[in-house]
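Only one structure is covered here, and it is reproduced in the block below.
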Amino acid sequence: MATIKSKKRGKPKHSAGGRGAKKGGKGGHYTWGHVEDDVKYLNDSYAVDDGDPNYESPDEFAEQAILKEIAVSEYHKEAEAQFRNSLGLLKAFKQAVEGAANEYLNSADAEEFVRCLNEQDIPQYHHQIIKTLISWSLDRRDQDRDAISTLINSLLSSAAVHHKELVESLNLLAMRLPEYLIDVPPATNYIVKFIDDIESGGHLSEQDANEFKTLMRNETPDNQETLQAAKNKIKLMFEEYFASSSLDELCTAVRELGPPKYHPEVVKGGISLSLDRDGAARELVSQFVAHAAGEDGDPATLIGHSSIQEGFKILLHRVDSR
């Protein structure tokens, strides 16, 4: 075979008339290579040919991974800071409501109560006012609860608290009632009495009042024990998830947990547990929530978007001790 020597390299080159690439003894006529050649590179993380437009050198690949990790880390730091700031604001607002309520019991001055709240300048938490007033008064004297009931009707009449905020407060009370019953066994009766007074003041229709009273009465001690058992299971589920990182196992455990009414507790429990751990745990919970949400309305969705939103609300609303 004729050869040509390069002046620069001084090494022989094969002429263009050569046989080209060898078949390597594989394949039949008009075929090249081996059937396994199509799959043996599937696990490569990047193209190895630096002439390939999709080629990423190992250094570039590692750099991108590090930058992504930094971006995720910074996002979580910012999100956590915002969340903790929200918790701090909510706690301060509730303390202001309780302090103003205590002053009101001495002065019966509803206008002064409103002025104290307006000084806080946190209108996004006004849906907490009635809930906080009622929960704060549960372990107090009957005459104190009667005074707080008068204050609530005054706040609703003056539009210091709107109907929408009243409804949300009552829903929050129903959500928290199993916990109130631990310290104040007659809590259901006390809250029902508040609802009756609000209806008498013309701020709830008879139908709405009856629905809320039914909702409160459904929160029995048996339901409370069932909820606590579910919370204990949720804690174990996430502790195993943090140890194994197995998303499939966690999703299976959620399906076996019980009815969807526990799904907000799953979201709340996972996030709450992760806050006391490192960034890896928070990332695992973020992955779970994103996976569980799926497409809203899809039958395969593990946890509906409304349950996820409710879970975040529970976490925010339960930061206080009451």
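Naming scheme: A, B, ... for chains in displayed order of the structure tokens; residues 1 onward per chain; ligands 1 onward as shown.
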Self-check item: 9 Å contact set for segment 118-126 of chain A, only C-alpha atoms, chain neighbours under 3 positions out, as a list in words
Solution: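 My list of contacting residues is Leu89, Leu90, Ala92, Phe93, Lys94, Ala96, Phe113, Val114, Arg115, Ile129, Ile130, Ala160, Val161, His162 and Glu165 of chain A.
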Please identify all polymer residues within 8 Å of Ile308 of chain A, counting only C-alpha atoms, omitting same-chain residues fewer than 4 positions from it, and present them as a PDB file with N, CA and C atoms, in the first residue's frame.
```pdb
ATOM      1  N   HIS A 263     -53.495  14.724  54.539  1.00  0.00           N
ATOM      2  CA  HIS A 263     -52.456  15.198  53.628  1.00  0.00           C
ATOM      3  C   HIS A 263     -51.869  16.552  54.029  1.00  0.00           C
ATOM      4  N   PRO A 264     -52.689  17.516  54.497  1.00  0.00           N
ATOM      5  CA  PRO A 264     -52.063  18.765  54.967  1.00  0.00           C
ATOM      6  C   PRO A 264     -51.080  18.529  56.112  1.00  0.00           C
ATOM      7  N   VAL A 267     -47.699  17.403  54.690  1.00  0.00           N
ATOM      8  CA  VAL A 267     -46.897  18.524  54.198  1.00  0.00           C
ATOM      9  C   VAL A 267     -46.328  19.314  55.372  1.00  0.00           C
ATOM     10  N   VAL A 289     -42.609  17.204  47.954  1.00  0.00           N
ATOM     11  CA  VAL A 289     -43.790  18.046  47.741  1.00  0.00           C
ATOM     12  C   VAL A 289     -44.026  18.274  46.249  1.00  0.00           C
ATOM     13  N   ALA A 293     -47.340  16.746  44.364  1.00  0.00           N
ATOM     14  CA  ALA A 293     -48.328  17.669  43.784  1.00  0.00           C
ATOM     15  C   ALA A 293     -48.715  17.251  42.383  1.00  0.00           C
ATOM     16  N   ILE A 303     -50.970  14.226  46.369  1.00  0.00           N
ATOM     17  CA  ILE A 303     -51.518  15.235  47.284  1.00  0.00           C
ATOM     18  C   ILE A 303     -51.985  16.430  46.464  1.00  0.00           C
ATOM     19  N   GLY A 304     -53.244  16.814  46.614  1.00  0.00           N
ATOM     20  CA  GLY A 304     -53.792  17.932  45.850  1.00  0.00           C
ATOM     21  C   GLY A 304     -53.163  19.256  46.230  1.00  0.00           C
ATOM     22  N   PHE A 312     -49.079  24.369  54.414  1.00  0.00           N
ATOM     23  CA  PHE A 312     -48.271  25.551  54.710  1.00  0.00           C
ATOM     24  C   PHE A 312     -49.000  26.477  55.692  1.00  0.00           C
TER      25      PHE A 312
END
```
Quiz prompt | Distance query segment 245-258 of chain A at most 10 Å, only C-alpha atoms, self and fewer than 4 positions along chain excluded, as number ranges by chain | solution = A: 230-231, 233-234, 236-241, 262-263, 266, 280-281, 284-285, 287-288, 291-292, 302-303
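When DSSP is run on the backbone, the residues of segment 93-128 of chain A that fall into alpha helix (DSSP H) are Phe93, Lys94, Gln95, Ala96, Val97, Glu98, Gly99, Ala100, Ala101, Asn102, Glu103, Tyr104, Leu105, Asn106, Ser107, Ala110, Glu111, Glu112, Phe113, Val114, Arg115, Cys116, Leu117, Asn118, Glu119 and Gln120 of chain A.
Residue nearest Asp142 of chain A, chosen from A:Lys193, A:Arg217, A:His163, A:His127 and counting only C-alpha atoms: A:Lys193.
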